[in-house]
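Participant: Coordinates in work-v2.pdb, PDB, C-alpha atoms and all ligand atoms, are listed below.
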```
ATOM      1  CA  MET A  20       0.000   0.000   0.000  1.00  0.00           C
ATOM      2  CA  ARG A  21       1.336   3.437  -0.954  1.00  0.00           C
ATOM      3  CA  TYR A  22       0.930   6.282   1.485  1.00  0.00           C
ATOM      4  CA  THR A  23       1.006   9.998   0.781  1.00  0.00           C
ATOM      5  CA  ALA A  24       3.880  12.078   2.111  1.00  0.00           C
ATOM      6  CA  GLU A  25       1.312  13.840   4.309  1.00  0.00           C
ATOM      7  CA  TYR A  26       0.279  10.516   5.862  1.00  0.00           C
ATOM      8  CA  VAL A  27       3.863   9.515   6.588  1.00  0.00           C
ATOM      9  CA  ARG A  28       4.662  12.905   8.121  1.00  0.00           C
ATOM     10  CA  ALA A  29       1.479  12.899  10.248  1.00  0.00           C
ATOM     11  CA  LYS A  30       2.289   9.434  11.654  1.00  0.00           C
ATOM     12  CA  GLN A  31       5.891  10.389  12.369  1.00  0.00           C
ATOM     13  CA  LEU A  32       4.802  13.486  14.290  1.00  0.00           C
ATOM     14  CA  VAL A  33       2.277  11.578  16.384  1.00  0.00           C
ATOM     15  CA  ASN A  34       4.605   8.664  17.114  1.00  0.00           C
ATOM     16  CA  LYS A  35       7.416  10.950  18.180  1.00  0.00           C
ATOM     17  CA  TYR A  36       5.134  13.094  20.332  1.00  0.00           C
ATOM     18  CA  LEU A  37       3.776  10.042  22.175  1.00  0.00           C
ATOM     19  CA  ALA A  38       7.197   8.457  22.558  1.00  0.00           C
ATOM     20  CA  THR A  39       8.867  11.578  23.934  1.00  0.00           C
ATOM     21  CA  ASN A  40       6.044  13.070  26.029  1.00  0.00           C
ATOM     22  CA  GLY A  41       4.368   9.904  27.365  1.00  0.00           C
ATOM     23  CA  GLU A  42       5.296   8.680  30.832  1.00  0.00           C
ATOM     24  CA  LYS A  43       7.483   5.602  30.238  1.00  0.00           C
ATOM     25  CA  LEU A  44       7.058   4.273  33.782  1.00  0.00           C
ATOM     26  CA  HIS A  45       3.530   3.276  32.833  1.00  0.00           C
ATOM     27  CA  HIS A  46       1.968   1.399  29.933  1.00  0.00           C
ATOM     28  CA  ALA A  47       1.066   2.187  26.331  1.00  0.00           C
ATOM     29  CA  ILE A  48      -1.805   0.675  24.339  1.00  0.00           C
ATOM     30  CA  ILE A  49      -1.288   1.332  20.656  1.00  0.00           C
ATOM     31  CA  LEU A  50      -2.709   0.381  17.293  1.00  0.00           C
ATOM     32  CA  ASP A  51       0.213  -0.352  15.038  1.00  0.00           C
ATOM     33  CA  GLY A  52       0.573  -1.604  11.492  1.00  0.00           C
ATOM     34  CA  PRO A  53       2.629  -4.368   9.850  1.00  0.00           C
ATOM     35  CA  LYS A  54       5.695  -2.126   9.674  1.00  0.00           C
ATOM     36  CA  HIS A  55       5.344  -1.397  13.410  1.00  0.00           C
ATOM     37  CA  HIS A  56       6.417   2.246  13.143  1.00  0.00           C
ATOM     38  CA  THR A  57       4.791   3.217  16.445  1.00  0.00           C
ATOM     39  CA  LEU A  58       6.444   0.332  18.277  1.00  0.00           C
ATOM     40  CA  ASN A  59       9.809   1.167  16.710  1.00  0.00           C
ATOM     41  CA  CYS A  60       9.496   4.804  17.705  1.00  0.00           C
ATOM     42  CA  LEU A  61       8.574   4.015  21.320  1.00  0.00           C
ATOM     43  CA  LYS A  62      11.476   1.572  21.563  1.00  0.00           C
ATOM     44  CA  HIS A  63      13.806   4.123  19.949  1.00  0.00           C
ATOM     45  CA  PHE A  64      12.930   6.518  22.771  1.00  0.00           C
ATOM     46  CA  LYS A  65      13.647   3.793  25.343  1.00  0.00           C
ATOM     47  CA  TRP A  66      10.180   2.566  26.221  1.00  0.00           C
ATOM     48  CA  ALA A  67      10.410  -0.902  27.787  1.00  0.00           C
ATOM     49  CA  PRO A  68       8.969  -3.361  25.247  1.00  0.00           C
ATOM     50  CA  ASP A  69       6.904  -5.112  27.922  1.00  0.00           C
ATOM     51  CA  HIS A  70       5.099  -1.789  28.599  1.00  0.00           C
ATOM     52  CA  ILE A  71       3.808  -1.682  25.023  1.00  0.00           C
ATOM     53  CA  HIS A  72       0.561  -3.522  24.214  1.00  0.00           C
ATOM     54  CA  ILE A  73      -0.697  -3.894  20.648  1.00  0.00           C
ATOM     55  CA  PRO A  74      -4.126  -5.256  19.780  1.00  0.00           C
ATOM     56  CA  ASN A  75      -4.748  -5.716  16.065  1.00  0.00           C
ATOM     57  CA  ASN A  76      -7.919  -7.108  14.516  1.00  0.00           C
ATOM     58  CA  SER A  77      -6.330  -7.903  11.152  1.00  0.00           C
ATOM     59  CA  TYR A  78      -4.759 -11.354  11.305  1.00  0.00           C
ATOM     60  CA  ALA A  79      -2.180 -10.463   8.638  1.00  0.00           C
ATOM     61  CA  ASP A  80      -1.037  -7.340  10.521  1.00  0.00           C
ATOM     62  CA  TYR A  81      -1.159  -9.049  13.923  1.00  0.00           C
ATOM     63  CA  HIS A  82       0.957 -11.901  12.557  1.00  0.00           C
ATOM     64  CA  LYS A  83       3.685  -9.568  11.299  1.00  0.00           C
ATOM     65  CA  ILE A  84       3.847  -7.511  14.493  1.00  0.00           C
ATOM     66  CA  GLN A  85       3.871 -10.479  16.889  1.00  0.00           C
ATOM     67  CA  LEU A  86       6.959 -11.856  15.147  1.00  0.00           C
ATOM     68  CA  ILE A  87       8.955  -9.094  16.810  1.00  0.00           C
ATOM     69  CA  HIS A  88       6.736  -8.158  19.768  1.00  0.00           C
ATOM     70  CA  PRO A  89       5.160 -10.745  22.087  1.00  0.00           C
ATOM     71  CA  GLN A  90       2.633  -8.293  23.639  1.00  0.00           C
ATOM     72  CA  THR A  91       0.636  -8.311  20.402  1.00  0.00           C
ATOM     73  CA  TYR A  92      -2.899  -9.658  20.481  1.00  0.00           C
ATOM     74  CA  HIS A  93      -5.218 -10.716  17.685  1.00  0.00           C
ATOM     75  CA  LEU A  94      -8.070  -8.654  19.118  1.00  0.00           C
ATOM     76  CA  SER A  95      -9.943  -5.491  18.309  1.00  0.00           C
ATOM     77  CA  MET A  96      -9.173  -2.478  20.497  1.00  0.00           C
ATOM     78  CA  ARG A  97     -12.526  -3.000  22.202  1.00  0.00           C
ATOM     79  CA  GLU A  98     -11.891  -6.701  22.870  1.00  0.00           C
ATOM     80  CA  TYR A  99      -8.477  -5.866  24.272  1.00  0.00           C
ATOM     81  CA  LEU A 100      -9.940  -3.246  26.631  1.00  0.00           C
ATOM     82  CA  GLU A 101     -12.658  -5.690  27.673  1.00  0.00           C
ATOM     83  CA  GLY A 102      -9.976  -8.249  28.556  1.00  0.00           C
ATOM     84  CA  GLY A 103      -9.256  -6.078  31.568  1.00  0.00           C
ATOM     85  CA  HIS A 104      -5.555  -6.900  31.900  1.00  0.00           C
ATOM     86  CA  ILE A 105      -4.568  -3.292  31.655  1.00  0.00           C
ATOM     87  CA  ASP A 106      -1.918  -1.763  33.862  1.00  0.00           C
ATOM     88  CA  ILE A 107      -1.705   1.942  34.662  1.00  0.00           C
ATOM     89  CA  THR A 108      -1.786   3.548  31.248  1.00  0.00           C
ATOM     90  CA  SER A 109       0.013   6.697  30.159  1.00  0.00           C
ATOM     91  CA  VAL A 110      -0.323   6.441  26.370  1.00  0.00           C
ATOM     92  CA  VAL A 111      -3.273   5.314  24.263  1.00  0.00           C
ATOM     93  CA  TYR A 112      -2.981   5.532  20.488  1.00  0.00           C
ATOM     94  CA  MET A 113      -6.253   4.619  18.807  1.00  0.00           C
ATOM     95  CA  ASP A 114      -4.984   4.849  15.255  1.00  0.00           C
ATOM     96  CA  TYR A 115      -8.236   3.811  13.581  1.00  0.00           C
ATOM     97  CA  MET A 116      -9.068   3.729   9.908  1.00  0.00           C
ATOM     98  CA  CYS A 117     -12.848   4.181  10.306  1.00  0.00           C
ATOM     99  CA  SER A 118     -14.929   7.232  11.170  1.00  0.00           C
ATOM    100  CA  PHE A 119     -15.372   8.374  14.780  1.00  0.00           C
ATOM    101  CA  TRP A 120     -18.963   7.112  14.916  1.00  0.00           C
ATOM    102  CA  GLY A 121     -17.801   3.872  13.317  1.00  0.00           C
ATOM    103  CA  ASN A 122     -19.487   0.839  11.823  1.00  0.00           C
ATOM    104  CA  SER A 123     -20.387  -2.706  12.855  1.00  0.00           C
ATOM    105  CA  ILE A 124     -16.708  -3.719  13.178  1.00  0.00           C
ATOM    106  CA  CYS A 125     -15.077  -0.641  14.677  1.00  0.00           C
ATOM    107  CA  SER A 126     -16.661   1.998  16.875  1.00  0.00           C
ATOM    108  CA  PRO A 127     -14.213   4.625  18.141  1.00  0.00           C
ATOM    109  CA  ALA A 128     -16.874   6.678  19.949  1.00  0.00           C
ATOM    110  CA  SER A 129     -17.990   3.639  21.901  1.00  0.00           C
ATOM    111  CA  ASP A 130     -14.371   2.504  22.527  1.00  0.00           C
ATOM    112  CA  ILE A 131     -13.578   5.928  23.994  1.00  0.00           C
ATOM    113  CA  LYS A 132     -16.439   5.636  26.455  1.00  0.00           C
ATOM    114  CA  TYR A 133     -15.354   2.111  27.370  1.00  0.00           C
ATOM    115  CA  LEU A 134     -11.770   3.327  27.815  1.00  0.00           C
ATOM    116  CA  PHE A 135     -12.804   6.030  30.296  1.00  0.00           C
ATOM    117  CA  ASP A 136     -15.177   3.647  32.103  1.00  0.00           C
ATOM    118  CA  ASN A 137     -12.531   0.985  32.617  1.00  0.00           C
ATOM    119  CA  THR A 138      -8.957   2.252  32.430  1.00  0.00           C
ATOM    120  CA  ARG A 139      -6.634   3.190  35.251  1.00  0.00           C
ATOM    121  CA  PHE A 140      -5.026   6.254  33.735  1.00  0.00           C
ATOM    122  CA  ALA A 141      -1.688   7.568  34.914  1.00  0.00           C
ATOM    123  CA  ASP A 142      -1.905  11.069  36.456  1.00  0.00           C
ATOM    124  CA  THR A 143      -1.231  12.335  32.949  1.00  0.00           C
ATOM    125  CA  CYS A 144      -2.169  10.162  29.985  1.00  0.00           C
ATOM    126  CA  LEU A 145      -1.740  11.040  26.325  1.00  0.00           C
ATOM    127  CA  LEU A 146      -4.693   9.945  24.232  1.00  0.00           C
ATOM    128  CA  ALA A 147      -4.289  10.111  20.458  1.00  0.00           C
ATOM    129  CA  ILE A 148      -7.061   9.071  18.115  1.00  0.00           C
ATOM    130  CA  THR A 149      -7.079   8.990  14.324  1.00  0.00           C
ATOM    131  CA  CYS A 150     -10.276   8.632  12.348  1.00  0.00           C
ATOM    132  CA  SER A 151     -11.331   8.915   8.756  1.00  0.00           C
ATOM    133  CA  VAL A 152     -13.998  11.302   7.594  1.00  0.00           C
ATOM    134  CA  ARG A 153     -17.321   9.703   6.764  1.00  0.00           C
ATOM    135  CA  HIS A 154     -19.371  11.618   4.273  1.00  0.00           C
ATOM    136  CA  LYS A 155     -20.071  11.450   0.600  1.00  0.00           C
ATOM    137  CA  LEU A 156     -18.492  14.902   0.513  1.00  0.00           C
ATOM    138  CA  LYS A 157     -15.502  13.647   2.446  1.00  0.00           C
ATOM    139  CA  GLU A 158     -13.083  15.439   0.159  1.00  0.00           C
ATOM    140  CA  SER A 159     -14.481  18.689   1.467  1.00  0.00           C
ATOM    141  CA  LEU A 160     -12.452  20.179   4.284  1.00  0.00           C
ATOM    142  CA  TRP A 161     -15.574  21.863   5.633  1.00  0.00           C
ATOM    143  CA  PHE A 162     -17.275  18.538   6.460  1.00  0.00           C
ATOM    144  CA  SER A 163     -14.010  17.118   7.767  1.00  0.00           C
ATOM    145  CA  ASN A 164     -13.672  19.964  10.201  1.00  0.00           C
ATOM    146  CA  ILE A 165     -17.201  19.540  11.504  1.00  0.00           C
ATOM    147  CA  GLN A 166     -16.654  15.825  12.098  1.00  0.00           C
ATOM    148  CA  MET A 167     -13.393  16.531  13.856  1.00  0.00           C
ATOM    149  CA  LEU A 168     -15.000  19.162  16.080  1.00  0.00           C
ATOM    150  CA  LYS A 169     -17.812  16.762  17.002  1.00  0.00           C
ATOM    151  CA  ALA A 170     -15.257  14.117  17.956  1.00  0.00           C
ATOM    152  CA  ILE A 171     -13.382  16.640  20.132  1.00  0.00           C
ATOM    153  CA  ALA A 172     -16.595  17.696  21.868  1.00  0.00           C
ATOM    154  CA  GLN A 173     -17.619  14.078  22.501  1.00  0.00           C
ATOM    155  CA  ILE A 174     -14.231  13.022  23.913  1.00  0.00           C
ATOM    156  CA  GLN A 175     -14.076  16.054  26.198  1.00  0.00           C
ATOM    157  CA  SER A 176     -17.610  15.420  27.394  1.00  0.00           C
ATOM    158  CA  VAL A 177     -16.868  11.743  28.188  1.00  0.00           C
ATOM    159  CA  ALA A 178     -13.700  12.768  30.030  1.00  0.00           C
ATOM    160  CA  LYS A 179     -15.620  15.336  32.087  1.00  0.00           C
ATOM    161  CA  ALA A 180     -18.233  12.767  33.066  1.00  0.00           C
ATOM    162  CA  HIS A 181     -15.365  10.729  34.524  1.00  0.00           C
ATOM    163  CA  GLY A 182     -13.854  13.570  36.536  1.00  0.00           C
ATOM    164  CA  LYS A 183     -11.111  14.132  33.954  1.00  0.00           C
ATOM    165  CA  GLN A 184     -10.233  16.872  31.548  1.00  0.00           C
ATOM    166  CA  ALA A 185      -9.089  16.009  28.045  1.00  0.00           C
ATOM    167  CA  ILE A 186      -6.976  18.970  27.028  1.00  0.00           C
ATOM    168  CA  LEU A 187      -6.543  19.212  23.273  1.00  0.00           C
ATOM    169  CA  ILE A 188      -2.946  19.540  22.102  1.00  0.00           C
ATOM    170  CA  PRO A 189      -3.389  21.678  19.005  1.00  0.00           C
ATOM    171  CA  GLU A 190      -0.428  20.418  16.983  1.00  0.00           C
ATOM    172  CA  PHE A 191      -2.215  17.754  14.958  1.00  0.00           C
ATOM    173  CA  GLY A 192      -5.272  17.727  12.738  1.00  0.00           C
ATOM    174  CA  THR A 193      -6.343  16.732   9.264  1.00  0.00           C
ATOM    175  CA  TYR A 194      -4.215  15.121   6.587  1.00  0.00           C
ATOM    176  CA  LYS A 195      -4.949  13.461   3.312  1.00  0.00           C
ATOM    177  CA  ASN A 196      -4.357   9.843   2.449  1.00  0.00           C
ATOM    178  CA  LYS A 197      -7.012   8.265   0.200  1.00  0.00           C
ATOM    179  CA  GLY A 198      -9.596  10.466   1.850  1.00  0.00           C
ATOM    180  CA  ILE A 199      -9.292  12.947   4.670  1.00  0.00           C
ATOM    181  CA  MET A 200      -8.143  11.641   8.047  1.00  0.00           C
ATOM    182  CA  TYR A 201      -7.526  13.493  11.280  1.00  0.00           C
ATOM    183  CA  THR A 202      -5.581  12.875  14.443  1.00  0.00           C
ATOM    184  CA  LEU A 203      -6.561  14.399  17.762  1.00  0.00           C
ATOM    185  CA  MET A 204      -4.164  14.401  20.695  1.00  0.00           C
ATOM    186  CA  PHE A 205      -5.327  14.996  24.263  1.00  0.00           C
ATOM    187  CA  ARG A 206      -3.612  15.216  27.593  1.00  0.00           C
ATOM    188  CA  VAL A 207      -5.949  13.502  30.041  1.00  0.00           C
ATOM    189  CA  GLU A 208      -5.670  14.648  33.631  1.00  0.00           C
ATOM    190  CA  ALA A 209      -7.838  14.855  36.741  1.00  0.00           C
ATOM    191  CA  ASP A 210     -10.373  17.643  36.457  1.00  0.00           C
ATOM    192  CA  THR A 211      -9.968  19.443  39.726  1.00  0.00           C
ATOM    193  CA  LYS A 212     -13.177  21.422  39.167  1.00  0.00           C
ATOM    194  CA  THR A 213     -15.592  18.484  38.786  1.00  0.00           C
ATOM    195  CA  LYS A 214     -16.183  15.274  40.669  1.00  0.00           C
ATOM    196  CA  ALA A 215     -16.403  11.918  38.884  1.00  0.00           C
ATOM    197  CA  LEU A 216     -19.996  10.686  38.456  1.00  0.00           C
TER     198      LEU A 216
HETATM  199  C1  LIG B 301      -3.150   3.042  10.531  1.00  0.00           C
HETATM  200  S1  LIG B 301      -2.498   1.516  11.047  1.00  0.00           S
HETATM  201  C2  LIG B 301      -1.353   1.938  12.328  1.00  0.00           C
HETATM  202  C3  LIG B 301      -0.180   2.736  11.854  1.00  0.00           C
HETATM  203  C4  LIG B 301       0.861   3.018  12.906  1.00  0.00           C
HETATM  204  N1  LIG B 301       0.318   3.553  14.138  1.00  0.00           N
HETATM  205  C5  LIG B 301       1.926   3.955  12.353  1.00  0.00           C
HETATM  206  O1  LIG B 301       2.207   4.994  12.953  1.00  0.00           O
HETATM  207  O2  LIG B 301       2.509   3.617  11.313  1.00  0.00           O
HETATM  208  C6  LIG B 301      -3.807   0.875  11.961  1.00  0.00           C
HETATM  209  C7  LIG B 301      -3.647  -0.597  12.370  1.00  0.00           C
HETATM  210  O3  LIG B 301      -4.600  -0.850  13.387  1.00  0.00           O
HETATM  211  C8  LIG B 301      -5.406  -1.943  13.051  1.00  0.00           C
HETATM  212  N2  LIG B 301      -6.761  -1.596  13.493  1.00  0.00           N
HETATM  213  C9  LIG B 301      -7.611  -0.677  12.961  1.00  0.00           C
HETATM  214  N3  LIG B 301      -8.739  -0.597  13.686  1.00  0.00           N
HETATM  215  C10 LIG B 301      -8.594  -1.483  14.708  1.00  0.00           C
HETATM  216  C11 LIG B 301      -9.413  -1.854  15.824  1.00  0.00           C
HETATM  217  N4  LIG B 301     -10.606  -1.304  16.036  1.00  0.00           N
HETATM  218  N5  LIG B 301      -8.934  -2.792  16.674  1.00  0.00           N
HETATM  219  C12 LIG B 301      -7.714  -3.362  16.471  1.00  0.00           C
HETATM  220  N6  LIG B 301      -6.910  -3.058  15.439  1.00  0.00           N
HETATM  221  C13 LIG B 301      -7.340  -2.124  14.579  1.00  0.00           C
HETATM  222  C14 LIG B 301      -5.298  -2.146  11.561  1.00  0.00           C
HETATM  223  O4  LIG B 301      -5.407  -3.532  11.245  1.00  0.00           O
HETATM  224  C15 LIG B 301      -3.918  -1.579  11.252  1.00  0.00           C
HETATM  225  O5  LIG B 301      -2.939  -2.596  11.284  1.00  0.00           O
END
```
Using structure tokens, write down the structure from this file.
Facilitator:
Amino acid sequence: MRYTAEYVRAKQLVNKYLATNGEKLHHAIILDGPKHHTLNCLKHFKWAPDHIHIPNNSYADYHKIQLIHPQTYHLSMREYLEGGHIDITSVVYMDYMCSFWGNSICSPASDIKYLFDNTRFADTCLLAITCSVRHKLKESLWFSNIQMLKAIAQIQSVAKAHGKQAILIPEFGTYKNKGIMYTLMFRVEADTKTKAL
């Protein structure tokens, strides 16, 4: 599969940001591809391999990653989270290929809620999420921006309902591959102004 230069650059920026700003003492849950760029980047910046957990619901991709990384699981992100074997987590990279509201196989919006319901976050956790834009006018930046803004609002609202604040790090955003994709990066911390429900 050929990627655009924009795609490659966007992934590099996200991987490096997570690897260098995430708290290495804790654990990372990441979606990675067959070339394991995210894994390589975390290891390059001295993350302990046994702190890196990689679910992948494509058998072909899972198979390639597990050859070099034992903490790889042939599971969807949701199934992995439901497994409940999650240590204190300081990095979550939900690098999806579907839209935020999802489909029958992949539902980022629902995974986000499940993540907040069930994860022991480190005091500061970086949460990155990539989604594609779903719309017949998906080549239009205007619709992309609206979908991205709705995803931001939803994630911040879920965080707030759990006594957290999801602070947007405004260094990422839309990029073009086949269609328009976007990455959102949040710093998740306790919200000192609200109590968890
Ligand atoms: C875009 S690639 C990851 C790229 C990588 N993070 C990088 O920086 O190069 C996404 C990978 O996650 C897997 N994936 C997508 N949605 C998933 C889901 N809901 N659960 C588990 N794996 C998923 C895909 O099979 C694919 O291998």
Participant: Applied to the shown file, which residues does the PyMOL selection byres (((chain A and resi 195-202) around 6) and not hetatm) return, written as a PyMOL selection string?
Facilitator: chain A and resi 23+26+148-152+191-194+203
Participant: Let me have the centre and edge lengths of the axis-aligned box enclosing all listed atoms of ligand LIG 301 (chain B) with 3 Å padding on every side, in Å to one decimal, as AutoDock Vina command-line options.
Facilitator:
```
--center_x -4.0 --center_y 0.7 --center_z 13.6 --size_x 19.1 --size_y 14.5 --size_z 12.1
```
Participant: Selection in question (the file shown): the PyMOL selection byres (((not hetatm)) within 8 of (chain B and resi 301)). Which residues does it include, as a ChimeraX atom specification?
Facilitator: /A:27,30-31,33-34,49-57,74-78,80-81,93-98,112-117,124-127
Participant: Here's the selection I'm unsure about, the PyMOL selection byres (((chain A and resi 35) around 12) and not hetatm); applied to the file above, which residues does it give, as number ranges by chain?
Facilitator: A: 28-34, 36-41, 56-66, 112, 147
Participant: Of the candidates A:Asp130, A:Asp210, A:Glu25, A:Asp142, which one gets nearest to Leu100 (chain A) if we count all atoms listed in the file?
Facilitator: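 Looking only at the distances to Leu100 (chain A), the closest residue turns out to be A:Asp130.
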Participant: Report the distance between CA of Ser129 (chain A) and CA of Ala170 (chain A) in Å, rounded to one decimal place.
Facilitator: 11.5 Å
Participant: So how many Å separate CA of Gln166 (chain A) and CA of Ser118 (chain A), to one decimal?
Facilitator: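 Atom-to-atom, CA of Gln166 (chain A) to CA of Ser118 (chain A), that is 8.8 Å.
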Participant: When you draw a straight line from CA of Arg206 (chain A) to CA of Lys179 (chain A), how long is it in Å?
Facilitator: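 A separation of 12.8 Å between them.
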Participant: A:Val207, A:Leu187, A:Ala24, A:Val110: which is nearest Leu168 (chain A), counting all atoms listed in the file?
Facilitator: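 Under the stated criterion, the closest residue is A:Leu187.
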Participant: Find the residues around Ile48 (chain A) up to 6 Å (all atoms listed in the file counted), leave out those fewer than 6 positions away in its own chain, and share them as a PyMOL selection string.
Facilitator: chain A and resi 72-73+111
Participant: Hey, which of A:Asn137, A:Lys212, A:Ala128, A:Cys144 ends up closest to Ile171 (chain A)? Count all atoms listed in the file.
Facilitator: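 Once distances to Ile171 (chain A) are computed over all atoms listed in the file, the minimum belongs to A:Ala128.
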Participant: Give me region 158-175 of chain A with N, CA and C atoms filled in, as a PDB file, keeping the file's coordinate frame.
Facilitator:
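Output below, filename selection_15.pdb:
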```pdb
ATOM      1  N   GLU A 158     -14.238  14.690   0.653  1.00  0.00           N
ATOM      2  CA  GLU A 158     -13.083  15.439   0.159  1.00  0.00           C
ATOM      3  C   GLU A 158     -13.166  16.915   0.564  1.00  0.00           C
ATOM      4  N   SER A 159     -14.323  17.288   1.089  1.00  0.00           N
ATOM      5  CA  SER A 159     -14.481  18.689   1.467  1.00  0.00           C
ATOM      6  C   SER A 159     -13.945  18.932   2.873  1.00  0.00           C
ATOM      7  N   LEU A 160     -13.054  19.877   2.989  1.00  0.00           N
ATOM      8  CA  LEU A 160     -12.452  20.179   4.284  1.00  0.00           C
ATOM      9  C   LEU A 160     -13.503  20.664   5.280  1.00  0.00           C
ATOM     10  N   TRP A 161     -14.537  21.327   4.761  1.00  0.00           N
ATOM     11  CA  TRP A 161     -15.574  21.863   5.633  1.00  0.00           C
ATOM     12  C   TRP A 161     -16.246  20.744   6.436  1.00  0.00           C
ATOM     13  N   PHE A 162     -16.641  19.652   5.754  1.00  0.00           N
ATOM     14  CA  PHE A 162     -17.275  18.538   6.460  1.00  0.00           C
ATOM     15  C   PHE A 162     -16.279  17.835   7.372  1.00  0.00           C
ATOM     16  N   SER A 163     -15.031  17.757   6.934  1.00  0.00           N
ATOM     17  CA  SER A 163     -14.010  17.118   7.767  1.00  0.00           C
ATOM     18  C   SER A 163     -13.881  17.854   9.075  1.00  0.00           C
ATOM     19  N   ASN A 164     -13.858  19.181   8.992  1.00  0.00           N
ATOM     20  CA  ASN A 164     -13.672  19.964  10.201  1.00  0.00           C
ATOM     21  C   ASN A 164     -14.837  19.781  11.171  1.00  0.00           C
ATOM     22  N   ILE A 165     -16.047  19.717  10.615  1.00  0.00           N
ATOM     23  CA  ILE A 165     -17.201  19.540  11.504  1.00  0.00           C
ATOM     24  C   ILE A 165     -17.117  18.185  12.215  1.00  0.00           C
ATOM     25  N   GLN A 166     -16.736  17.148  11.467  1.00  0.00           N
ATOM     26  CA  GLN A 166     -16.654  15.825  12.098  1.00  0.00           C
ATOM     27  C   GLN A 166     -15.573  15.802  13.171  1.00  0.00           C
ATOM     28  N   MET A 167     -14.482  16.480  12.883  1.00  0.00           N
ATOM     29  CA  MET A 167     -13.393  16.531  13.856  1.00  0.00           C
ATOM     30  C   MET A 167     -13.847  17.281  15.112  1.00  0.00           C
ATOM     31  N   LEU A 168     -14.540  18.387  14.927  1.00  0.00           N
ATOM     32  CA  LEU A 168     -15.000  19.162  16.080  1.00  0.00           C
ATOM     33  C   LEU A 168     -15.998  18.361  16.922  1.00  0.00           C
ATOM     34  N   LYS A 169     -16.848  17.578  16.247  1.00  0.00           N
ATOM     35  CA  LYS A 169     -17.812  16.762  17.002  1.00  0.00           C
ATOM     36  C   LYS A 169     -17.080  15.694  17.811  1.00  0.00           C
ATOM     37  N   ALA A 170     -16.040  15.132  17.228  1.00  0.00           N
ATOM     38  CA  ALA A 170     -15.257  14.117  17.956  1.00  0.00           C
ATOM     39  C   ALA A 170     -14.579  14.756  19.172  1.00  0.00           C
ATOM     40  N   ILE A 171     -14.027  15.952  18.998  1.00  0.00           N
ATOM     41  CA  ILE A 171     -13.382  16.640  20.132  1.00  0.00           C
ATOM     42  C   ILE A 171     -14.408  16.867  21.247  1.00  0.00           C
ATOM     43  N   ALA A 172     -15.562  17.386  20.861  1.00  0.00           N
ATOM     44  CA  ALA A 172     -16.595  17.696  21.868  1.00  0.00           C
ATOM     45  C   ALA A 172     -17.010  16.427  22.609  1.00  0.00           C
ATOM     46  N   GLN A 173     -17.175  15.332  21.883  1.00  0.00           N
ATOM     47  CA  GLN A 173     -17.619  14.078  22.501  1.00  0.00           C
ATOM     48  C   GLN A 173     -16.567  13.542  23.471  1.00  0.00           C
ATOM     49  N   ILE A 174     -15.304  13.560  23.054  1.00  0.00           N
ATOM     50  CA  ILE A 174     -14.231  13.022  23.913  1.00  0.00           C
ATOM     51  C   ILE A 174     -14.112  13.878  25.183  1.00  0.00           C
ATOM     52  N   GLN A 175     -14.198  15.187  25.019  1.00  0.00           N
ATOM     53  CA  GLN A 175     -14.076  16.054  26.198  1.00  0.00           C
ATOM     54  C   GLN A 175     -15.270  15.878  27.137  1.00  0.00           C
TER      55      GLN A 175
END
```
